[in-house]
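Novice: File coords19.cif follows (mmCIF, C-alpha atoms):
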data_work
loop_
_atom_site.group_PDB
_atom_site.id
_atom_site.type_symbol
_atom_site.label_atom_id
_atom_site.label_comp_id
_atom_site.auth_asym_id
_atom_site.auth_seq_id
_atom_site.Cartn_x
_atom_site.Cartn_y
_atom_site.Cartn_z
ATOM 1 C CA MET A 64 -49.552 49.673 12.297
ATOM 2 C CA ASN A 65 -50.352 47.563 15.280
ATOM 3 C CA ALA A 66 -47.059 46.108 16.538
ATOM 4 C CA SER A 67 -48.736 42.864 17.493
ATOM 5 C CA SER A 68 -49.684 42.217 13.878
ATOM 6 C CA HIS A 69 -46.154 42.491 12.473
ATOM 7 C CA THR A 70 -45.643 38.749 12.019
ATOM 8 C CA PRO A 71 -48.590 38.106 9.691
ATOM 9 C CA SER A 72 -47.863 41.359 7.898
ATOM 10 C CA ASP A 73 -44.218 40.364 7.386
ATOM 11 C CA THR A 74 -45.322 37.018 6.083
ATOM 12 C CA GLU A 75 -47.644 38.669 3.616
ATOM 13 C CA ASP A 76 -44.856 41.000 2.501
ATOM 14 C CA ALA A 77 -42.539 38.034 2.049
ATOM 15 C CA GLN A 78 -45.134 36.298 -0.042
ATOM 16 C CA LYS A 79 -45.450 39.349 -2.245
ATOM 17 C CA GLN A 80 -41.690 39.509 -2.814
ATOM 18 C CA PRO A 81 -40.556 37.927 -6.073
ATOM 19 C CA MET A 82 -38.753 34.598 -5.666
ATOM 20 C CA LYS A 83 -34.976 34.974 -5.966
ATOM 21 C CA HIS A 84 -33.444 32.871 -8.708
ATOM 22 C CA SER A 85 -29.865 33.402 -7.619
ATOM 23 C CA CYS A 86 -28.385 33.582 -4.145
ATOM 24 C CA GLU A 87 -25.564 36.001 -3.465
ATOM 25 C CA HIS A 88 -24.543 34.174 -0.285
ATOM 26 C CA HIS A 89 -25.242 30.601 -1.283
ATOM 27 C CA ALA A 90 -22.046 29.153 0.229
ATOM 28 C CA GLU A 91 -23.027 30.561 3.628
ATOM 29 C CA CYS A 92 -26.603 29.368 3.138
ATOM 30 C CA MET A 93 -25.341 25.844 2.378
ATOM 31 C CA LYS A 94 -23.567 25.756 5.742
ATOM 32 C CA ILE A 95 -26.745 26.920 7.462
ATOM 33 C CA ILE A 96 -28.827 24.314 5.614
ATOM 34 C CA GLN A 97 -26.387 21.645 6.817
ATOM 35 C CA SER A 98 -26.661 22.850 10.415
ATOM 36 C CA ILE A 99 -30.462 22.956 10.244
ATOM 37 C CA LEU A 100 -30.758 19.437 8.845
ATOM 38 C CA ASP A 101 -28.258 18.096 11.369
ATOM 39 C CA ASP A 102 -30.158 19.815 14.188
ATOM 40 C CA GLU A 103 -27.007 21.744 15.082
ATOM 41 C CA ALA A 104 -28.068 25.249 14.085
ATOM 42 C CA THR A 105 -27.519 28.269 16.322
ATOM 43 C CA GLU A 106 -30.420 30.633 17.002
ATOM 44 C CA ALA A 107 -28.937 33.106 14.490
ATOM 45 C CA GLU A 108 -28.787 30.382 11.840
ATOM 46 C CA LYS A 109 -32.376 29.382 12.564
ATOM 47 C CA ASP A 110 -33.463 33.025 12.237
ATOM 48 C CA HIS A 111 -31.636 33.385 8.929
ATOM 49 C CA PHE A 112 -33.237 30.167 7.714
ATOM 50 C CA ARG A 113 -36.757 31.247 8.714
ATOM 51 C CA GLU A 114 -36.386 34.681 7.167
ATOM 52 C CA ASN A 115 -34.856 33.695 3.857
ATOM 53 C CA MET A 116 -35.582 30.138 2.930
ATOM 54 C CA ASP A 117 -39.027 30.674 1.489
ATOM 55 C CA LYS A 118 -37.945 33.332 -0.999
ATOM 56 C CA CYS A 119 -34.759 31.987 -2.548
ATOM 57 C CA LEU A 120 -35.167 29.262 -5.151
ATOM 58 C CA PRO A 121 -31.541 27.981 -5.150
ATOM 59 C CA CYS A 122 -31.680 27.622 -1.343
ATOM 60 C CA ILE A 123 -35.077 25.892 -1.413
ATOM 61 C CA GLU A 124 -33.798 23.397 -3.972
ATOM 62 C CA ALA A 125 -30.540 22.885 -2.072
ATOM 63 C CA TYR A 126 -32.479 22.255 1.135
ATOM 64 C CA ARG A 127 -34.708 19.685 -0.603
ATOM 65 C CA LEU A 128 -31.681 17.929 -2.100
ATOM 66 C CA GLU A 129 -29.670 17.815 1.140
ATOM 67 C CA LYS A 130 -32.722 16.602 3.070
ATOM 68 C CA CYS A 131 -33.411 13.922 0.485
ATOM 69 C CA ILE A 132 -29.794 12.656 0.549
ATOM 70 C CA LYS A 133 -29.743 12.600 4.343
ATOM 71 C CA GLU A 134 -33.017 10.664 4.463
ATOM 72 C CA SER A 135 -31.851 8.263 1.740
ATOM 73 C CA LEU A 136 -28.729 7.443 3.743
ATOM 74 C CA SER A 137 -30.771 6.874 6.859
ATOM 75 C CA ILE A 138 -33.626 4.896 5.301
ATOM 76 C CA LYS A 139 -32.401 3.177 2.138
ATOM 77 C CA LEU A 140 -29.123 1.625 3.233
ATOM 78 C CA VAL A 141 -29.367 -1.982 4.324
ATOM 79 C CA LYS A 142 -28.546 -2.476 7.985
ATOM 80 C CA ARG A 143 -27.055 -5.913 8.540
ATOM 81 C CA PRO A 144 -27.386 -7.680 11.858
ATOM 82 C CA CYS A 145 -24.140 -8.745 13.462
ATOM 83 C CA PRO A 146 -23.606 -12.465 12.678
ATOM 84 C CA GLN A 147 -24.618 -14.730 15.565
ATOM 85 C CA SER A 148 -21.226 -16.444 15.397
ATOM 86 C CA ILE A 149 -19.477 -13.150 16.272
ATOM 87 C CA LEU A 150 -21.856 -12.555 19.152
ATOM 88 C CA ASP A 151 -21.195 -16.078 20.438
ATOM 89 C CA THR A 152 -17.425 -15.681 20.134
ATOM 90 C CA ILE A 153 -17.432 -12.348 21.976
ATOM 91 C CA LEU A 154 -19.597 -13.664 24.808
ATOM 92 C CA SER A 155 -17.592 -16.864 25.171
ATOM 93 C CA LYS A 156 -14.268 -14.973 25.293
ATOM 94 C CA VAL A 157 -15.600 -12.430 27.766
ATOM 95 C CA ASN A 158 -16.989 -15.170 29.971
ATOM 96 C CA SER A 159 -13.943 -17.439 29.807
ATOM 97 C CA MET G 25 -18.537 -19.210 40.821
ATOM 98 C CA SER G 26 -16.386 -16.162 40.576
ATOM 99 C CA VAL G 27 -13.439 -16.488 38.235
ATOM 100 C CA ALA G 28 -10.508 -14.352 39.270
ATOM 101 C CA MET G 29 -9.409 -12.590 36.132
ATOM 102 C CA PRO G 30 -6.221 -10.557 36.067
ATOM 103 C CA GLU G 31 -8.070 -7.472 34.859
ATOM 104 C CA SER G 32 -10.343 -7.490 37.888
ATOM 105 C CA ILE G 33 -7.394 -6.381 40.005
ATOM 106 C CA THR G 34 -7.046 -3.151 38.057
ATOM 107 C CA THR G 35 -10.694 -2.152 37.626
ATOM 108 C CA ASN G 36 -11.677 1.168 39.153
ATOM 109 C CA GLY G 37 -14.268 0.120 41.641
ATOM 110 C CA TYR G 38 -16.195 -2.154 39.278
ATOM 111 C CA THR G 39 -16.827 -5.592 40.684
ATOM 112 C CA ASP G 40 -16.812 -8.519 38.269
ATOM 113 C CA ASP G 41 -20.603 -8.621 38.435
ATOM 114 C CA LEU G 42 -20.830 -4.942 37.574
ATOM 115 C CA ARG G 43 -18.393 -5.313 34.672
ATOM 116 C CA TYR G 44 -20.576 -8.023 33.139
ATOM 117 C CA GLU G 45 -23.689 -6.007 33.843
ATOM 118 C CA ILE G 46 -22.266 -2.895 32.142
ATOM 119 C CA PHE G 47 -21.017 -4.954 29.229
ATOM 120 C CA ASN G 48 -24.406 -6.607 28.656
ATOM 121 C CA ARG G 49 -26.588 -3.620 29.420
ATOM 122 C CA GLU G 50 -24.572 -0.746 27.908
ATOM 123 C CA PHE G 51 -22.387 -2.308 25.210
ATOM 124 C CA MET G 52 -24.201 -5.270 23.677
ATOM 125 C CA PRO G 53 -27.284 -3.320 22.463
ATOM 126 C CA HIS G 54 -24.984 -1.435 20.047
ATOM 127 C CA ILE G 55 -23.499 -4.503 18.386
ATOM 128 C CA ASP G 56 -25.505 -4.226 15.147
ATOM 129 C CA SER G 57 -24.586 -0.548 14.715
ATOM 130 C CA MET G 58 -20.959 -1.429 15.464
ATOM 131 C CA TYR G 59 -21.014 -4.239 12.931
ATOM 132 C CA ASN G 60 -22.437 -1.958 10.243
ATOM 133 C CA PHE G 61 -19.864 0.722 11.036
ATOM 134 C CA ALA G 62 -17.070 -1.867 10.818
ATOM 135 C CA PHE G 63 -18.400 -3.222 7.542
ATOM 136 C CA ARG G 64 -18.708 0.243 6.013
ATOM 137 C CA LEU G 65 -15.166 1.128 7.078
ATOM 138 C CA THR G 66 -13.453 -2.081 5.972
ATOM 139 C CA MET G 67 -15.857 -3.025 3.173
ATOM 140 C CA ASP G 68 -14.905 -6.615 3.891
ATOM 141 C CA GLU G 69 -16.977 -9.129 5.828
ATOM 142 C CA ASP G 70 -14.062 -10.962 7.481
ATOM 143 C CA ASP G 71 -12.350 -7.727 8.506
ATOM 144 C CA ALA G 72 -15.644 -6.385 9.864
ATOM 145 C CA ASN G 73 -16.116 -9.553 11.935
ATOM 146 C CA ASP G 74 -12.582 -9.302 13.346
ATOM 147 C CA LEU G 75 -12.868 -5.569 13.971
ATOM 148 C CA VAL G 76 -16.128 -5.886 15.924
ATOM 149 C CA GLN G 77 -14.777 -8.793 17.929
ATOM 150 C CA ASP G 78 -11.509 -6.990 18.729
ATOM 151 C CA THR G 79 -13.402 -3.844 19.689
ATOM 152 C CA TYR G 80 -15.737 -5.605 22.103
ATOM 153 C CA LEU G 81 -12.902 -7.522 23.730
ATOM 154 C CA LYS G 82 -10.933 -4.282 24.124
ATOM 155 C CA ALA G 83 -14.041 -2.593 25.531
ATOM 156 C CA PHE G 84 -14.353 -5.330 28.134
ATOM 157 C CA ARG G 85 -10.650 -5.235 28.977
ATOM 158 C CA PHE G 86 -10.728 -1.452 29.434
ATOM 159 C CA ILE G 87 -14.215 -1.252 30.935
ATOM 160 C CA SER G 88 -12.759 0.503 33.982
ATOM 161 C CA SER G 89 -12.212 3.589 31.866
ATOM 162 C CA PHE G 90 -15.862 3.688 30.836
ATOM 163 C CA GLU G 91 -17.833 5.987 33.063
ATOM 164 C CA GLN G 92 -21.366 4.762 33.717
ATOM 165 C CA GLY G 93 -24.028 7.170 32.545
ATOM 166 C CA THR G 94 -21.884 8.502 29.682
ATOM 167 C CA ASN G 95 -22.512 7.704 26.043
ATOM 168 C CA ALA G 96 -21.570 4.038 25.615
ATOM 169 C CA LYS G 97 -22.247 4.020 21.881
ATOM 170 C CA ALA G 98 -19.861 6.924 21.238
ATOM 171 C CA TRP G 99 -17.266 5.294 23.517
ATOM 172 C CA LEU G 100 -17.481 2.021 21.558
ATOM 173 C CA PHE G 101 -17.402 3.773 18.177
ATOM 174 C CA ARG G 102 -14.242 5.595 19.242
ATOM 175 C CA ILE G 103 -12.517 2.328 20.132
ATOM 176 C CA LEU G 104 -13.610 0.770 16.848
ATOM 177 C CA LYS G 105 -12.425 3.764 14.836
ATOM 178 C CA ASN G 106 -9.025 3.705 16.583
ATOM 179 C CA SER G 107 -8.683 -0.050 16.067
ATOM 180 C CA PHE G 108 -9.511 0.417 12.412
ATOM 181 C CA ILE G 109 -6.852 3.085 11.972
ATOM 182 C CA ASN G 110 -4.192 1.193 13.917
ATOM 183 C CA ASP G 111 -4.820 -2.385 12.863
ATOM 184 C CA TYR G 112 -6.883 -2.553 9.708
ATOM 185 C CA ARG G 113 -6.360 0.517 7.616
ATOM 186 C CA LYS G 114 -2.770 -0.425 6.813
ATOM 187 C CA LYS G 115 -3.625 -3.893 5.642
ATOM 188 C CA SER G 116 -6.916 -3.078 3.923
ATOM 189 C CA LYS G 117 -7.185 -2.676 0.206
ATOM 190 C CA GLU G 118 -8.312 0.891 0.786
ATOM 191 C CA PRO G 119 -5.174 2.771 -0.348
ATOM 192 C CA SER G 120 -5.377 1.466 -3.894
ATOM 193 C CA LYS G 121 -9.006 2.498 -4.058
ATOM 194 C CA VAL G 122 -8.412 6.045 -2.898
ATOM 195 C CA ASP G 123 -8.028 8.707 -5.483
ATOM 196 C CA TYR G 124 -5.355 10.715 -3.697
ATOM 197 C CA GLN G 125 -5.627 13.570 -6.116
ATOM 198 C CA GLU G 126 -9.275 13.857 -5.210
ATOM 199 C CA VAL G 127 -8.531 13.701 -1.481
ATOM 200 C CA GLU G 128 -5.794 16.289 -1.752
ATOM 201 C CA THR G 129 -7.880 18.631 -3.838
ATOM 202 C CA THR G 130 -10.857 18.330 -1.563
ATOM 203 C CA TYR G 131 -8.860 18.634 1.651
ATOM 204 C CA ASN G 132 -6.618 21.473 0.617
ATOM 205 C CA SER G 133 -8.869 23.664 -1.378
ATOM 206 C CA GLU G 134 -10.828 25.827 1.033
ATOM 207 C CA GLU G 135 -12.398 27.435 -2.007
ATOM 208 C CA ALA G 136 -13.884 24.109 -2.951
ATOM 209 C CA SER G 137 -16.183 24.275 0.032
ATOM 210 C CA ASP G 138 -16.441 28.001 0.601
ATOM 211 C CA THR G 139 -17.326 29.301 -2.802
ATOM 212 C CA THR G 140 -20.645 28.552 -4.362
ATOM 213 C CA TYR G 141 -20.342 24.862 -4.966
ATOM 214 C CA THR G 142 -23.246 23.243 -6.675
ATOM 215 C CA VAL G 143 -23.673 19.844 -8.228
ATOM 216 C CA ASP G 144 -26.375 19.705 -10.839
ATOM 217 C CA LEU G 145 -28.431 17.121 -9.005
ATOM 218 C CA ARG G 146 -32.128 17.255 -8.171
ATOM 219 C CA ALA G 147 -33.845 15.760 -5.145
ATOM 220 C CA ASP G 148 -36.213 13.887 -7.453
ATOM 221 C CA ALA G 149 -33.243 12.093 -9.041
ATOM 222 C CA VAL G 150 -31.950 11.036 -5.601
ATOM 223 C CA GLN G 151 -35.383 9.755 -4.652
ATOM 224 C CA GLU G 152 -35.237 7.395 -7.623
ATOM 225 C CA LEU G 153 -31.980 5.799 -6.463
ATOM 226 C CA ILE G 154 -32.173 2.481 -4.685
ATOM 227 C CA GLY G 155 -30.254 1.627 -1.520
ATOM 228 C CA ASP G 156 -27.429 -0.190 -3.335
ATOM 229 C CA GLU G 157 -26.754 2.837 -5.519
ATOM 230 C CA VAL G 158 -26.660 5.159 -2.526
ATOM 231 C CA ALA G 159 -24.393 2.665 -0.709
ATOM 232 C CA ASN G 160 -22.044 2.444 -3.704
ATOM 233 C CA ALA G 161 -21.812 6.228 -3.888
ATOM 234 C CA LEU G 162 -20.989 6.342 -0.177
ATOM 235 C CA ASN G 163 -18.436 3.542 -0.486
ATOM 236 C CA ALA G 164 -16.707 5.399 -3.306
ATOM 237 C CA LEU G 165 -15.746 8.207 -0.892
ATOM 238 C CA PRO G 166 -12.322 8.262 0.781
ATOM 239 C CA VAL G 167 -12.667 6.702 4.226
ATOM 240 C CA ASP G 168 -12.362 9.937 6.252
ATOM 241 C CA PHE G 169 -15.233 11.482 4.338
ATOM 242 C CA ARG G 170 -17.225 8.273 4.409
ATOM 243 C CA THR G 171 -16.794 8.097 8.169
ATOM 244 C CA VAL G 172 -18.317 11.501 8.962
ATOM 245 C CA ILE G 173 -21.350 10.761 6.819
ATOM 246 C CA ILE G 174 -21.852 7.371 8.474
ATOM 247 C CA LEU G 175 -21.572 8.870 11.940
ATOM 248 C CA CYS G 176 -23.866 11.808 11.237
ATOM 249 C CA ASP G 177 -26.457 10.631 8.745
ATOM 250 C CA ILE G 178 -26.664 6.917 9.464
ATOM 251 C CA GLU G 179 -25.857 6.726 13.179
ATOM 252 C CA GLY G 180 -27.209 10.125 14.171
ATOM 253 C CA PHE G 181 -24.298 11.298 16.323
ATOM 254 C CA THR G 182 -24.113 14.988 17.205
ATOM 255 C CA TYR G 183 -21.152 17.093 16.052
ATOM 256 C CA GLU G 184 -19.846 17.059 19.620
ATOM 257 C CA GLU G 185 -19.978 13.269 19.799
ATOM 258 C CA MET G 186 -18.335 12.986 16.382
ATOM 259 C CA ALA G 187 -15.552 15.319 17.506
ATOM 260 C CA LYS G 188 -14.862 12.990 20.443
ATOM 261 C CA ILE G 189 -15.060 9.810 18.362
ATOM 262 C CA LEU G 190 -12.713 11.197 15.714
ATOM 263 C CA ASP G 191 -10.433 13.271 17.974
ATOM 264 C CA ILE G 192 -10.924 16.387 15.886
ATOM 265 C CA PRO G 193 -12.374 19.842 16.694
ATOM 266 C CA ILE G 194 -16.090 20.477 16.051
ATOM 267 C CA GLY G 195 -15.197 23.013 13.350
ATOM 268 C CA THR G 196 -13.327 20.288 11.488
ATOM 269 C CA VAL G 197 -16.317 17.951 11.846
ATOM 270 C CA ARG G 198 -18.499 20.637 10.301
ATOM 271 C CA SER G 199 -16.191 21.379 7.371
ATOM 272 C CA ARG G 200 -15.314 17.733 6.718
ATOM 273 C CA LEU G 201 -19.000 16.880 6.637
ATOM 274 C CA HIS G 202 -19.639 19.730 4.225
ATOM 275 C CA ARG G 203 -16.902 18.504 1.893
ATOM 276 C CA ALA G 204 -17.957 14.882 2.242
ATOM 277 C CA ARG G 205 -21.487 15.780 1.224
ATOM 278 C CA ASN G 206 -20.309 17.728 -1.807
ATOM 279 C CA LEU G 207 -18.243 14.730 -2.857
ATOM 280 C CA LEU G 208 -21.171 12.380 -2.236
ATOM 281 C CA LYS G 209 -23.397 14.562 -4.418
ATOM 282 C CA GLU G 210 -20.906 14.167 -7.264
ATOM 283 C CA LYS G 211 -20.973 10.383 -6.869
ATOM 284 C CA LEU G 212 -24.783 10.337 -6.647
ATOM 285 C CA LYS G 213 -24.941 12.561 -9.699
ATOM 286 C CA SER G 214 -22.941 10.070 -11.751
ATOM 287 C CA TYR G 215 -25.219 7.227 -10.593
ATOM 288 C CA ALA G 216 -28.316 9.265 -11.369
ATOM 289 C CA SER G 217 -26.918 10.156 -14.807
ATOM 290 C CA SER G 218 -25.991 6.578 -15.600
ATOM 291 C CA MET G 219 -29.508 5.455 -14.684
ATOM 292 C CA GLY G 220 -31.103 8.269 -16.635
ATOM 293 C CA TYR G 221 -32.791 9.672 -13.511
ATOM 294 C CA ASP G 222 -31.556 13.196 -13.981
ATOM 295 C CA SER G 223 -32.986 13.910 -17.373
#
Taking this structure as input, can you express it in the form of structure tokens?
Specialist:
Amino acid sequence: MNASSHTPSDTEDAQKQPMKHSCEHHAECMKIIQSILDDEATEAEKDHFRENMDKCLPCIEAYRLEKCIKESLSIKLVKRPCPQSILDTILSKVNS
Amino acid sequence: MSVAMPESITTNGYTDDLRYEIFNREFMPHIDSMYNFAFRLTMDEDDANDLVQDTYLKAFRFISSFEQGTNAKAWLFRILKNSFINDYRKKSKEPSKVDYQEVETTYNSEEASDTTYTVDLRADAVQELIGDEVANALNALPVDFRTVIILCDIEGFTYEEMAKILDIPIGTVRSRLHRARNLLKEKLKSYASSMGYDS
């Protein structure tokens, strides 16, 4: 086999593998999913994620859920502006 | 006209002009984020107003200890968090709202976070929730757990910045966040169930 073609070949192999319906190291995977979504993952965690995440159903669903919660917190929560009166008080006290 | 303020004597090389410049340029742009952080910690409008005001006045008073070019937002959040713990947490209504059994169980049980811990909640159900429901679920968390989620998911601080703001090691940030999220999923699950989104 041509060494340069190993990536597509691996991908094809992965696609042929049956999807896992249970994850024997789900607790560890959850920590990795957290690191990935928080953009804090190490290279080893990124490698593990790339190699495993497309063939393990519980991890795929967990990733979707964690991503959705994170995005909901960031997008859906109302961000209030600081009341003008507080701004005025701060500036007047600082300048006095 | 230059007003001679007592603090100006003790500043580390910052002239009065520079102190005002730093305050306006580095600190003021973060006031809305600070206000939201204060409101989410105290869950009370008056306390949030006082906390933000106190924090900014402290920041100005101690501006000499702020190093230009460093992360002003993290520096301000740290002052606000410390002011909250020292001045507001004691008098807030928070203690009666906290389920101490829940806190103790979640803090002490390593197994709770290290074994396979799943909440039967689907992403689709979360997508159906509106902002108020997500906010209520967040507000239902004990304040230490609420804080890490606010800092990470709402304000976008890195683990390293959170460690500095909270005075805890990065490993503790990581594990506290993990536990906070598990707890949040439970709260979201009960909202989703009550709204019939999870069926």
Novice: Write out as an MDAnalysis selection string every residue belonging to chain G that has an atom at most 9 Å from any atom of chain A, counting all atoms listed in the file.
Specialist: chainID G and resid 27 44 52 55:60 73:74 76:78 80:81 84:85 137:142 145:148 150:151 153:156 158:159 162 173:174 176:180 182:183 198:199 201:202 205 209
Novice: For the residues in the current selection, export C-alpha atoms as a PDB file, keeping the file's coordinate frame.
Specialist:
ATOM      1  CA  VAL G  27     -13.439 -16.488  38.235  1.00  0.00           C
ATOM      2  CA  TYR G  44     -20.576  -8.023  33.139  1.00  0.00           C
ATOM      3  CA  MET G  52     -24.201  -5.270  23.677  1.00  0.00           C
ATOM      4  CA  ILE G  55     -23.499  -4.503  18.386  1.00  0.00           C
ATOM      5  CA  ASP G  56     -25.505  -4.226  15.147  1.00  0.00           C
ATOM      6  CA  SER G  57     -24.586  -0.548  14.715  1.00  0.00           C
ATOM      7  CA  MET G  58     -20.959  -1.429  15.464  1.00  0.00           C
ATOM      8  CA  TYR G  59     -21.014  -4.239  12.931  1.00  0.00           C
ATOM      9  CA  ASN G  60     -22.437  -1.958  10.243  1.00  0.00           C
ATOM     10  CA  ASN G  73     -16.116  -9.553  11.935  1.00  0.00           C
ATOM     11  CA  ASP G  74     -12.582  -9.302  13.346  1.00  0.00           C
ATOM     12  CA  VAL G  76     -16.128  -5.886  15.924  1.00  0.00           C
ATOM     13  CA  GLN G  77     -14.777  -8.793  17.929  1.00  0.00           C
ATOM     14  CA  ASP G  78     -11.509  -6.990  18.729  1.00  0.00           C
ATOM     15  CA  TYR G  80     -15.737  -5.605  22.103  1.00  0.00           C
ATOM     16  CA  LEU G  81     -12.902  -7.522  23.730  1.00  0.00           C
ATOM     17  CA  PHE G  84     -14.353  -5.330  28.134  1.00  0.00           C
ATOM     18  CA  ARG G  85     -10.650  -5.235  28.977  1.00  0.00           C
ATOM     19  CA  SER G 137     -16.183  24.275   0.032  1.00  0.00           C
ATOM     20  CA  ASP G 138     -16.441  28.001   0.601  1.00  0.00           C
ATOM     21  CA  THR G 139     -17.326  29.301  -2.802  1.00  0.00           C
ATOM     22  CA  THR G 140     -20.645  28.552  -4.362  1.00  0.00           C
ATOM     23  CA  TYR G 141     -20.342  24.862  -4.966  1.00  0.00           C
ATOM     24  CA  THR G 142     -23.246  23.243  -6.675  1.00  0.00           C
ATOM     25  CA  LEU G 145     -28.431  17.121  -9.005  1.00  0.00           C
ATOM     26  CA  ARG G 146     -32.128  17.255  -8.171  1.00  0.00           C
ATOM     27  CA  ALA G 147     -33.845  15.760  -5.145  1.00  0.00           C
ATOM     28  CA  ASP G 148     -36.213  13.887  -7.453  1.00  0.00           C
ATOM     29  CA  VAL G 150     -31.950  11.036  -5.601  1.00  0.00           C
ATOM     30  CA  GLN G 151     -35.383   9.755  -4.652  1.00  0.00           C
ATOM     31  CA  LEU G 153     -31.980   5.799  -6.463  1.00  0.00           C
ATOM     32  CA  ILE G 154     -32.173   2.481  -4.685  1.00  0.00           C
ATOM     33  CA  GLY G 155     -30.254   1.627  -1.520  1.00  0.00           C
ATOM     34  CA  ASP G 156     -27.429  -0.190  -3.335  1.00  0.00           C
ATOM     35  CA  VAL G 158     -26.660   5.159  -2.526  1.00  0.00           C
ATOM     36  CA  ALA G 159     -24.393   2.665  -0.709  1.00  0.00           C
ATOM     37  CA  LEU G 162     -20.989   6.342  -0.177  1.00  0.00           C
ATOM     38  CA  ILE G 173     -21.350  10.761   6.819  1.00  0.00           C
ATOM     39  CA  ILE G 174     -21.852   7.371   8.474  1.00  0.00           C
ATOM     40  CA  CYS G 176     -23.866  11.808  11.237  1.00  0.00           C
ATOM     41  CA  ASP G 177     -26.457  10.631   8.745  1.00  0.00           C
ATOM     42  CA  ILE G 178     -26.664   6.917   9.464  1.00  0.00           C
ATOM     43  CA  GLU G 179     -25.857   6.726  13.179  1.00  0.00           C
ATOM     44  CA  GLY G 180     -27.209  10.125  14.171  1.00  0.00           C
ATOM     45  CA  THR G 182     -24.113  14.988  17.205  1.00  0.00           C
ATOM     46  CA  TYR G 183     -21.152  17.093  16.052  1.00  0.00           C
ATOM     47  CA  ARG G 198     -18.499  20.637  10.301  1.00  0.00           C
ATOM     48  CA  SER G 199     -16.191  21.379   7.371  1.00  0.00           C
ATOM     49  CA  LEU G 201     -19.000  16.880   6.637  1.00  0.00           C
ATOM     50  CA  HIS G 202     -19.639  19.730   4.225  1.00  0.00           C
ATOM     51  CA  ARG G 205     -21.487  15.780   1.224  1.00  0.00           C
ATOM     52  CA  LYS G 209     -23.397  14.562  -4.418  1.00  0.00           C
TER      53      LYS G 209
END
Novice: Excluding segment 99-104 of chain G and residues on its chain fewer than 3 positions from it, collect all residues at most 6 Å away from it, counting all atoms listed in the file, and give them as a tab-separated table (two decimals) with C-alpha atoms, in the coordinates of the input.
Specialist:
chain	number	residue	atom	x	y	z
G	79	THR	CA	-13.40	-3.84	19.69
G	96	ALA	CA	-21.57	4.04	25.62
G	107	SER	CA	-8.68	-0.05	16.07
G	189	ILE	CA	-15.06	9.81	18.36
Novice: Could you please determine the separation between atom CA of Lys118 of chain A and atom CA of Lys83 of chain A in Å, to one decimal place?
Specialist: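 Value for the atom CA of Lys118 of chain A-atom CA of Lys83 of chain A distance: 6.0 Å.
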Novice: Name every residue that the PyMOL selection byres ((chain G and resi 168) around 12) selects in this structure, writing the answer as an mmCIF file with C-alpha atoms, in the frame of the given file with chains first and numbers rising.
Specialist:
data_model
loop_
_atom_site.group_PDB
_atom_site.id
_atom_site.type_symbol
_atom_site.label_atom_id
_atom_site.label_comp_id
_atom_site.auth_asym_id
_atom_site.auth_seq_id
_atom_site.Cartn_x
_atom_site.Cartn_y
_atom_site.Cartn_z
ATOM 1 C CA ARG G 64 -18.708 0.243 6.013
ATOM 2 C CA LEU G 65 -15.166 1.128 7.078
ATOM 3 C CA LYS G 105 -12.425 3.764 14.836
ATOM 4 C CA PHE G 108 -9.511 0.417 12.412
ATOM 5 C CA ILE G 109 -6.852 3.085 11.972
ATOM 6 C CA ARG G 113 -6.360 0.517 7.616
ATOM 7 C CA GLU G 118 -8.312 0.891 0.786
ATOM 8 C CA VAL G 122 -8.412 6.045 -2.898
ATOM 9 C CA VAL G 127 -8.531 13.701 -1.481
ATOM 10 C CA THR G 130 -10.857 18.330 -1.563
ATOM 11 C CA TYR G 131 -8.860 18.634 1.651
ATOM 12 C CA LEU G 162 -20.989 6.342 -0.177
ATOM 13 C CA ASN G 163 -18.436 3.542 -0.486
ATOM 14 C CA ALA G 164 -16.707 5.399 -3.306
ATOM 15 C CA LEU G 165 -15.746 8.207 -0.892
ATOM 16 C CA PRO G 166 -12.322 8.262 0.781
ATOM 17 C CA VAL G 167 -12.667 6.702 4.226
ATOM 18 C CA PHE G 169 -15.233 11.482 4.338
ATOM 19 C CA ARG G 170 -17.225 8.273 4.409
ATOM 20 C CA THR G 171 -16.794 8.097 8.169
ATOM 21 C CA VAL G 172 -18.317 11.501 8.962
ATOM 22 C CA ILE G 173 -21.350 10.761 6.819
ATOM 23 C CA ILE G 174 -21.852 7.371 8.474
ATOM 24 C CA LEU G 175 -21.572 8.870 11.940
ATOM 25 C CA LEU G 190 -12.713 11.197 15.714
ATOM 26 C CA ILE G 192 -10.924 16.387 15.886
ATOM 27 C CA THR G 196 -13.327 20.288 11.488
ATOM 28 C CA VAL G 197 -16.317 17.951 11.846
ATOM 29 C CA ARG G 200 -15.314 17.733 6.718
ATOM 30 C CA LEU G 201 -19.000 16.880 6.637
ATOM 31 C CA ARG G 203 -16.902 18.504 1.893
ATOM 32 C CA ALA G 204 -17.957 14.882 2.242
ATOM 33 C CA ARG G 205 -21.487 15.780 1.224
ATOM 34 C CA LEU G 207 -18.243 14.730 -2.857
#
Novice: Report, in Å with one decimal, the straight-line distance from atom CA of Ser85 of chain A to atom CA of Asp117 of chain A.
Specialist: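 Straight-line distance from atom CA of Ser85 of chain A to atom CA of Asp117 of chain A works out to 13.2 Å.
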Novice: How far is it from atom CA of Met219 of chain G to atom CA of Ala149 of chain G, in Å with one decimal?
Specialist: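 We find that atom CA of Met219 of chain G and atom CA of Ala149 of chain G lie 9.5 Å from each other.
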Novice: Of the residues G:Arg43, G:Phe181, G:Asp144, G:Tyr112, which is the one nearest to Phe63 of chain G, using all atoms listed in the file?
Specialist: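 Of the candidates, the smallest distance to Phe63 of chain G is held by G:Tyr112.
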Novice: Could you list, as a PyMOL selection string, every residue matched by the PyMOL selection byres ((chain G and resi 88-94) around 12) in this structure?
Specialist: chain G and resi 31-40+42-47+49-51+82-87+95-100+102-103+185
